[in-house]
Amino acid sequence: MPEGHSVHRIARQFDRNFVGKPMSASSPQGRFAEGAAILDGREAVSVQAVGKQMFLEAEGDVWLRVHLGLYGAWDFAGEIVVDPTIASANGRMGQTNQRGTVLDDPILDDAGENSLSSIGAPRRTRVHVRMSEQTKGLGDESDGDRVEWPPPVVGQVRLRLMTDITAADLRGPTACVLQTPDEMLATIAKLGPDPLVGDPVENEERFVRAVRKTQTVIALLLMDQSVVSGIGNVYRAEMLFRQRLNPHTPGKQVPEDVVRALWRDWVRLLAIGVETGQMMTMDDLSPEAYRAAMASRDDRHWVYHRAGLPCRVCGTEIALEEIGARKLYWCPRCQA
């Protein structure tokens, strides 16, 4: 499932490529035909991510709410902003099994071109995207490039949004609905604080209050989107290890200074994730180790996906258990 950093990156793509422009909207699959008809022809006014959900405002006080869930994906085509993670991973941002980021050279497809695919779930559909610091226009006559436009619809596309030069296809989301401003605000009010949204001081206090008032164990609280927005399996495991905190500790029993340290660590890690496109959770790496960590999950995390391997700190075998129907990785000694 995409974690918070991926959804913020998706929102950033919409902000760069859709906001301020009229959109055409359609539902090739047909399951969002009425909603697409309402969006069609309206200008994109603003976009924001809160945790794992994105809210796109269209003129006329119409809001599109999208929650990708386990299987959702956005496929972008045309003129878009391309960074090293998008180039290296062919647009696969946010999955725990995503490709790494190659910082030295972009990865090219077999035609010698950069390609981009799903931002969201792990599926690939080749589209033509040319790389520079910012992608150039479609069909640049200087080098004979030609792009089929609009891109052909591939698979089950719930919603296609297009400007004259950019397309975004949504597949398999948990939620894709239109909301009024009041409905949008009510949805956001149910979500826990997001470090990139709202007042930083109040966000921290909300998190501390939510954790310290309950006997629910901290491993479940960090995954509860009403307690804190955006944290998924990877960040949960890594944050608990970084604080050397036993995942089974009830929220009430976690010292306040540790709760605040968890929040401040989330602030830091989310910012790194948004900027790099990777859930980088190891610190103080040499340049060589950093490049390796960006390129491979095996070198990027302390405990996540390392069940049965020795802890990087104490050598104890990393434990794996199921809690709240999700896998939890932790070190029984460092987090005793």
# chains A, B, ... in the order shown; residues from 1 in each chain; ligands from 1
$ residues_around --residues "Gln225 of chain A" --least-positions-apart "4" --cutoff "9 Å" --atoms "only C-alpha atoms" --output "VMD selection string"
chain A and resid 51 to 52 190 to 193 221 229 to 231
$ residues_around --residues "segment 329-336 of chain A" --least-positions-apart "5" --cutoff "10 Å" --atoms "only C-alpha atoms" --output "PDB file with N, CA, C and O atoms, in the first residue's frame"
ATOM      1  N   ASN A 233       3.114   0.099   6.974  1.00  0.00           N
ATOM      2  CA  ASN A 233       3.896  -0.985   7.550  1.00  0.00           C
ATOM      3  C   ASN A 233       5.387  -0.679   7.648  1.00  0.00           C
ATOM      4  O   ASN A 233       6.045  -1.013   8.628  1.00  0.00           O
ATOM      5  N   VAL A 234       5.931  -0.058   6.603  1.00  0.00           N
ATOM      6  CA  VAL A 234       7.374   0.191   6.578  1.00  0.00           C
ATOM      7  C   VAL A 234       7.750   1.227   7.623  1.00  0.00           C
ATOM      8  O   VAL A 234       8.607   0.993   8.492  1.00  0.00           O
ATOM      9  N   ARG A 236       6.070   2.275  10.136  1.00  0.00           N
ATOM     10  CA  ARG A 236       5.749   1.821  11.492  1.00  0.00           C
ATOM     11  C   ARG A 236       6.887   1.002  12.095  1.00  0.00           C
ATOM     12  O   ARG A 236       7.364   1.269  13.196  1.00  0.00           O
ATOM     13  N   ALA A 237       7.338  -0.009  11.352  1.00  0.00           N
ATOM     14  CA  ALA A 237       8.399  -0.868  11.865  1.00  0.00           C
ATOM     15  C   ALA A 237       9.686  -0.093  12.107  1.00  0.00           C
ATOM     16  O   ALA A 237      10.353  -0.252  13.139  1.00  0.00           O
ATOM     17  N   GLU A 238      10.025   0.759  11.171  1.00  0.00           N
ATOM     18  CA  GLU A 238      11.291   1.491  11.270  1.00  0.00           C
ATOM     19  C   GLU A 238      11.272   2.533  12.384  1.00  0.00           C
ATOM     20  O   GLU A 238      12.248   2.701  13.117  1.00  0.00           O
ATOM     21  N   LEU A 240       9.475   2.481  15.166  1.00  0.00           N
ATOM     22  CA  LEU A 240       9.532   1.815  16.466  1.00  0.00           C
ATOM     23  C   LEU A 240      10.953   1.355  16.772  1.00  0.00           C
ATOM     24  O   LEU A 240      11.428   1.469  17.908  1.00  0.00           O
ATOM     25  N   PHE A 241      11.647   0.839  15.751  1.00  0.00           N
ATOM     26  CA  PHE A 241      13.026   0.420  15.991  1.00  0.00           C
ATOM     27  C   PHE A 241      13.915   1.617  16.300  1.00  0.00           C
ATOM     28  O   PHE A 241      14.759   1.565  17.204  1.00  0.00           O
ATOM     29  N   ARG A 242      13.745   2.691  15.571  1.00  0.00           N
ATOM     30  CA  ARG A 242      14.593   3.868  15.762  1.00  0.00           C
ATOM     31  C   ARG A 242      14.454   4.442  17.171  1.00  0.00           C
ATOM     32  O   ARG A 242      15.399   5.040  17.687  1.00  0.00           O
ATOM     33  N   GLN A 243      13.306   4.231  17.799  1.00  0.00           N
ATOM     34  CA  GLN A 243      13.122   4.663  19.190  1.00  0.00           C
ATOM     35  C   GLN A 243      13.373   3.535  20.179  1.00  0.00           C
ATOM     36  O   GLN A 243      13.199   3.728  21.400  1.00  0.00           O
ATOM     37  N   ARG A 244      13.769   2.355  19.663  1.00  0.00           N
ATOM     38  CA  ARG A 244      13.995   1.170  20.502  1.00  0.00           C
ATOM     39  C   ARG A 244      12.767   0.891  21.382  1.00  0.00           C
ATOM     40  O   ARG A 244      12.879   0.574  22.566  1.00  0.00           O
ATOM     41  N   LEU A 245      11.593   0.971  20.774  1.00  0.00           N
ATOM     42  CA  LEU A 245      10.342   0.859  21.503  1.00  0.00           C
ATOM     43  C   LEU A 245       9.674  -0.476  21.208  1.00  0.00           C
ATOM     44  O   LEU A 245       9.474  -0.847  20.047  1.00  0.00           O
ATOM     45  N   ASN A 246       9.307  -1.192  22.259  1.00  0.00           N
ATOM     46  CA  ASN A 246       8.596  -2.455  22.096  1.00  0.00           C
ATOM     47  C   ASN A 246       7.242  -2.186  21.452  1.00  0.00           C
ATOM     48  O   ASN A 246       6.473  -1.362  21.943  1.00  0.00           O
ATOM     49  N   PRO A 247       6.930  -2.848  20.339  1.00  0.00           N
ATOM     50  CA  PRO A 247       5.685  -2.562  19.629  1.00  0.00           C
ATOM     51  C   PRO A 247       4.425  -2.895  20.413  1.00  0.00           C
ATOM     52  O   PRO A 247       3.342  -2.422  20.074  1.00  0.00           O
ATOM     53  N   HIS A 248       4.543  -3.707  21.476  1.00  0.00           N
ATOM     54  CA  HIS A 248       3.380  -4.115  22.257  1.00  0.00           C
ATOM     55  C   HIS A 248       3.124  -3.205  23.451  1.00  0.00           C
ATOM     56  O   HIS A 248       2.241  -3.490  24.274  1.00  0.00           O
ATOM     57  N   THR A 249       3.849  -2.111  23.559  1.00  0.00           N
ATOM     58  CA  THR A 249       3.659  -1.180  24.671  1.00  0.00           C
ATOM     59  C   THR A 249       2.348  -0.417  24.503  1.00  0.00           C
ATOM     60  O   THR A 249       2.119   0.200  23.461  1.00  0.00           O
ATOM     61  N   TRP A 302      16.224  -0.799   8.771  1.00  0.00           N
ATOM     62  CA  TRP A 302      16.772  -1.457   9.947  1.00  0.00           C
ATOM     63  C   TRP A 302      16.149  -2.836  10.168  1.00  0.00           C
ATOM     64  O   TRP A 302      16.864  -3.813  10.400  1.00  0.00           O
ATOM     65  N   VAL A 303      14.808  -2.906  10.124  1.00  0.00           N
ATOM     66  CA  VAL A 303      14.145  -4.171  10.440  1.00  0.00           C
ATOM     67  C   VAL A 303      13.125  -4.597   9.393  1.00  0.00           C
ATOM     68  O   VAL A 303      12.840  -5.799   9.278  1.00  0.00           O
ATOM     69  N   TYR A 304      12.561  -3.676   8.634  1.00  0.00           N
ATOM     70  CA  TYR A 304      11.474  -4.033   7.733  1.00  0.00           C
ATOM     71  C   TYR A 304      11.930  -5.065   6.690  1.00  0.00           C
ATOM     72  O   TYR A 304      12.983  -4.913   6.060  1.00  0.00           O
ATOM     73  N   HIS A 305      11.133  -6.108   6.542  1.00  0.00           N
ATOM     74  CA  HIS A 305      11.372  -7.171   5.564  1.00  0.00           C
ATOM     75  C   HIS A 305      12.673  -7.927   5.841  1.00  0.00           C
ATOM     76  O   HIS A 305      13.263  -8.503   4.925  1.00  0.00           O
ATOM     77  N   ARG A 306      13.127  -7.947   7.095  1.00  0.00           N
ATOM     78  CA  ARG A 306      14.376  -8.623   7.441  1.00  0.00           C
ATOM     79  C   ARG A 306      14.131  -9.759   8.429  1.00  0.00           C
ATOM     80  O   ARG A 306      15.013 -10.124   9.207  1.00  0.00           O
ATOM     81  N   ALA A 307      12.959 -10.362   8.399  1.00  0.00           N
ATOM     82  CA  ALA A 307      12.638 -11.465   9.313  1.00  0.00           C
ATOM     83  C   ALA A 307      13.665 -12.577   9.185  1.00  0.00           C
ATOM     84  O   ALA A 307      14.003 -13.012   8.079  1.00  0.00           O
ATOM     85  N   GLY A 308      14.174 -13.040  10.339  1.00  0.00           N
ATOM     86  CA  GLY A 308      15.144 -14.128  10.363  1.00  0.00           C
ATOM     87  C   GLY A 308      16.577 -13.698  10.160  1.00  0.00           C
ATOM     88  O   GLY A 308      17.497 -14.494  10.377  1.00  0.00           O
ATOM     89  N   PRO A 310      19.953 -11.208  11.057  1.00  0.00           N
ATOM     90  CA  PRO A 310      20.457 -10.612  12.297  1.00  0.00           C
ATOM     91  C   PRO A 310      20.205  -9.111  12.345  1.00  0.00           C
ATOM     92  O   PRO A 310      20.310  -8.410  11.339  1.00  0.00           O
ATOM     93  N   CYS A 311      19.837  -8.623  13.525  1.00  0.00           N
ATOM     94  CA  CYS A 311      19.669  -7.187  13.737  1.00  0.00           C
ATOM     95  C   CYS A 311      20.968  -6.478  13.392  1.00  0.00           C
ATOM     96  O   CYS A 311      22.068  -6.943  13.724  1.00  0.00           O
ATOM     97  N   ARG A 312      20.853  -5.352  12.726  1.00  0.00           N
ATOM     98  CA  ARG A 312      22.049  -4.592  12.319  1.00  0.00           C
ATOM     99  C   ARG A 312      22.787  -4.019  13.517  1.00  0.00           C
ATOM    100  O   ARG A 312      23.952  -3.639  13.403  1.00  0.00           O
ATOM    101  N   VAL A 313      22.119  -3.960  14.688  1.00  0.00           N
ATOM    102  CA  VAL A 313      22.744  -3.382  15.876  1.00  0.00           C
ATOM    103  C   VAL A 313      23.252  -4.452  16.826  1.00  0.00           C
ATOM    104  O   VAL A 313      24.408  -4.416  17.258  1.00  0.00           O
ATOM    105  N   CYS A 314      22.394  -5.428  17.171  1.00  0.00           N
ATOM    106  CA  CYS A 314      22.767  -6.385  18.218  1.00  0.00           C
ATOM    107  C   CYS A 314      22.952  -7.811  17.716  1.00  0.00           C
ATOM    108  O   CYS A 314      23.438  -8.676  18.460  1.00  0.00           O
ATOM    109  N   GLY A 315      22.550  -8.110  16.487  1.00  0.00           N
ATOM    110  CA  GLY A 315      22.720  -9.450  15.939  1.00  0.00           C
ATOM    111  C   GLY A 315      21.585 -10.407  16.225  1.00  0.00           C
ATOM    112  O   GLY A 315      21.576 -11.527  15.704  1.00  0.00           O
ATOM    113  N   THR A 316      20.617 -10.000  17.049  1.00  0.00           N
ATOM    114  CA  THR A 316      19.461 -10.855  17.336  1.00  0.00           C
ATOM    115  C   THR A 316      18.611 -11.042  16.079  1.00  0.00           C
ATOM    116  O   THR A 316      18.486 -10.132  15.260  1.00  0.00           O
ATOM    117  N   GLU A 317      18.022 -12.228  15.940  1.00  0.00           N
ATOM    118  CA  GLU A 317      17.189 -12.490  14.771  1.00  0.00           C
ATOM    119  C   GLU A 317      15.956 -11.591  14.771  1.00  0.00           C
ATOM    120  O   GLU A 317      15.239 -11.498  15.766  1.00  0.00           O
ATOM    121  N   ILE A 318      15.721 -10.920  13.662  1.00  0.00           N
ATOM    122  CA  ILE A 318      14.558 -10.053  13.540  1.00  0.00           C
ATOM    123  C   ILE A 318      13.292 -10.900  13.547  1.00  0.00           C
ATOM    124  O   ILE A 318      13.187 -11.892  12.825  1.00  0.00           O
ATOM    125  N   ALA A 319      12.327 -10.509  14.374  1.00  0.00           N
ATOM    126  CA  ALA A 319      11.091 -11.259  14.530  1.00  0.00           C
ATOM    127  C   ALA A 319      10.036 -10.765  13.538  1.00  0.00           C
ATOM    128  O   ALA A 319      10.045  -9.603  13.121  1.00  0.00           O
ATOM    129  N   LEU A 320       9.149 -11.669  13.176  1.00  0.00           N
ATOM    130  CA  LEU A 320       8.014 -11.340  12.318  1.00  0.00           C
ATOM    131  C   LEU A 320       6.762 -11.907  12.969  1.00  0.00           C
ATOM    132  O   LEU A 320       6.713 -13.079  13.339  1.00  0.00           O
ATOM    133  N   GLU A 321       5.755 -11.065  13.118  1.00  0.00           N
ATOM    134  CA  GLU A 321       4.469 -11.514  13.631  1.00  0.00           C
ATOM    135  C   GLU A 321       3.360 -10.756  12.925  1.00  0.00           C
ATOM    136  O   GLU A 321       3.622  -9.796  12.189  1.00  0.00           O
ATOM    137  N   GLU A 322       2.146 -11.191  13.122  1.00  0.00           N
ATOM    138  CA  GLU A 322       1.003 -10.494  12.543  1.00  0.00           C
ATOM    139  C   GLU A 322       0.246  -9.780  13.641  1.00  0.00           C
ATOM    140  O   GLU A 322      -0.058 -10.359  14.679  1.00  0.00           O
TER     141      GLU A 322
END
$ closest_atom_pairs --of "segment 127-231 of chain A" --to "segment 23-44 of chain A" --cutoff "7 Å" --atoms "only C-alpha atoms" --output "Markdown table"
| residue | atom | partner | partner_atom | distance |
| --- | --- | --- | --- | --- |
| A:Gln156 | CA | A:Gln29 | CA | 5.5 |
| A:Val157 | CA | A:Gln29 | CA | 5.4 |
| A:Arg158 | CA | A:Gln29 | CA | 5.3 |
| A:Leu159 | CA | A:Ser27 | CA | 4.6 |
| A:Arg160 | CA | A:Ser26 | CA | 5.3 |
| A:Leu161 | CA | A:Ala25 | CA | 4.7 |
| A:Met162 | CA | A:Ser24 | CA | 5.2 |
| A:Thr163 | CA | A:Met23 | CA | 5.1 |
| A:Leu178 | CA | A:Gly35 | CA | 6.5 |
$ residues_around --residues "Asp283 of chain A" --least-positions-apart "4" --cutoff "10 Å" --atoms "only C-alpha atoms" --output "PyMOL selection string"
chain A and resi 290+300-301
$ write_last_selection --atoms "all heavy atoms" --output "compact mmCIF listing (two decimals), in the first residue's frame"
# COMPACT_ATOMS: atom_id res chain seq x y z
N TYR A 290 24.85 5.35 1.00
CA TYR A 290 23.61 6.04 0.69
C TYR A 290 23.12 5.68 -0.71
O TYR A 290 21.94 5.42 -0.92
CB TYR A 290 23.80 7.55 0.81
CG TYR A 290 22.53 8.34 0.55
CD1 TYR A 290 21.58 8.50 1.55
CD2 TYR A 290 22.28 8.90 -0.70
CE1 TYR A 290 20.42 9.21 1.31
CE2 TYR A 290 21.12 9.61 -0.95
CZ TYR A 290 20.19 9.77 0.07
OH TYR A 290 19.04 10.47 -0.18
N ARG A 300 18.37 -0.39 2.94
CA ARG A 300 17.71 0.88 3.29
C ARG A 300 17.07 0.87 4.67
O ARG A 300 16.85 1.93 5.24
CB ARG A 300 16.65 1.19 2.24
CG ARG A 300 16.06 2.58 2.29
CD ARG A 300 15.01 2.75 1.20
NE ARG A 300 15.54 2.35 -0.09
CZ ARG A 300 14.88 1.66 -1.00
NH1 ARG A 300 13.63 1.30 -0.78
NH2 ARG A 300 15.45 1.32 -2.14
N HIS A 301 16.73 -0.31 5.21
CA HIS A 301 15.92 -0.37 6.42
C HIS A 301 16.62 -1.13 7.54
O HIS A 301 17.42 -2.03 7.30
CB HIS A 301 14.57 -1.02 6.13
CG HIS A 301 13.76 -0.30 5.09
ND1 HIS A 301 13.60 1.06 5.11
CD2 HIS A 301 13.08 -0.76 4.02
CE1 HIS A 301 12.84 1.41 4.08
NE2 HIS A 301 12.53 0.34 3.40
$ residues_around --residues "Leu269 of chain A" --least-positions-apart "3" --cutoff "8 Å" --atoms "only C-alpha atoms" --output "JSON, numbers by chain"
{"A": [265, 266, 272, 273, 279, 280, 281]}
$ atom_distance --atom1 "atom CA of Asp299 of chain A" --atom2 "atom CA of Val102 of chain A"
13.3 Å
$ residues_around --residues "Asp257 of chain A" --least-positions-apart "4" --cutoff "12 Å" --atoms "only C-alpha atoms" --output "PyMOL selection string"
chain A and resi 204-205+208+211-212+243+253+261-264
$ select_by_dssp --residues "segment 114-336 of chain A" --states "strand (DSSP E)" --output "VMD selection string"
chain A and resid 118 to 120 159 to 162 166 to 171 175 to 179 319 to 323 326 to 330
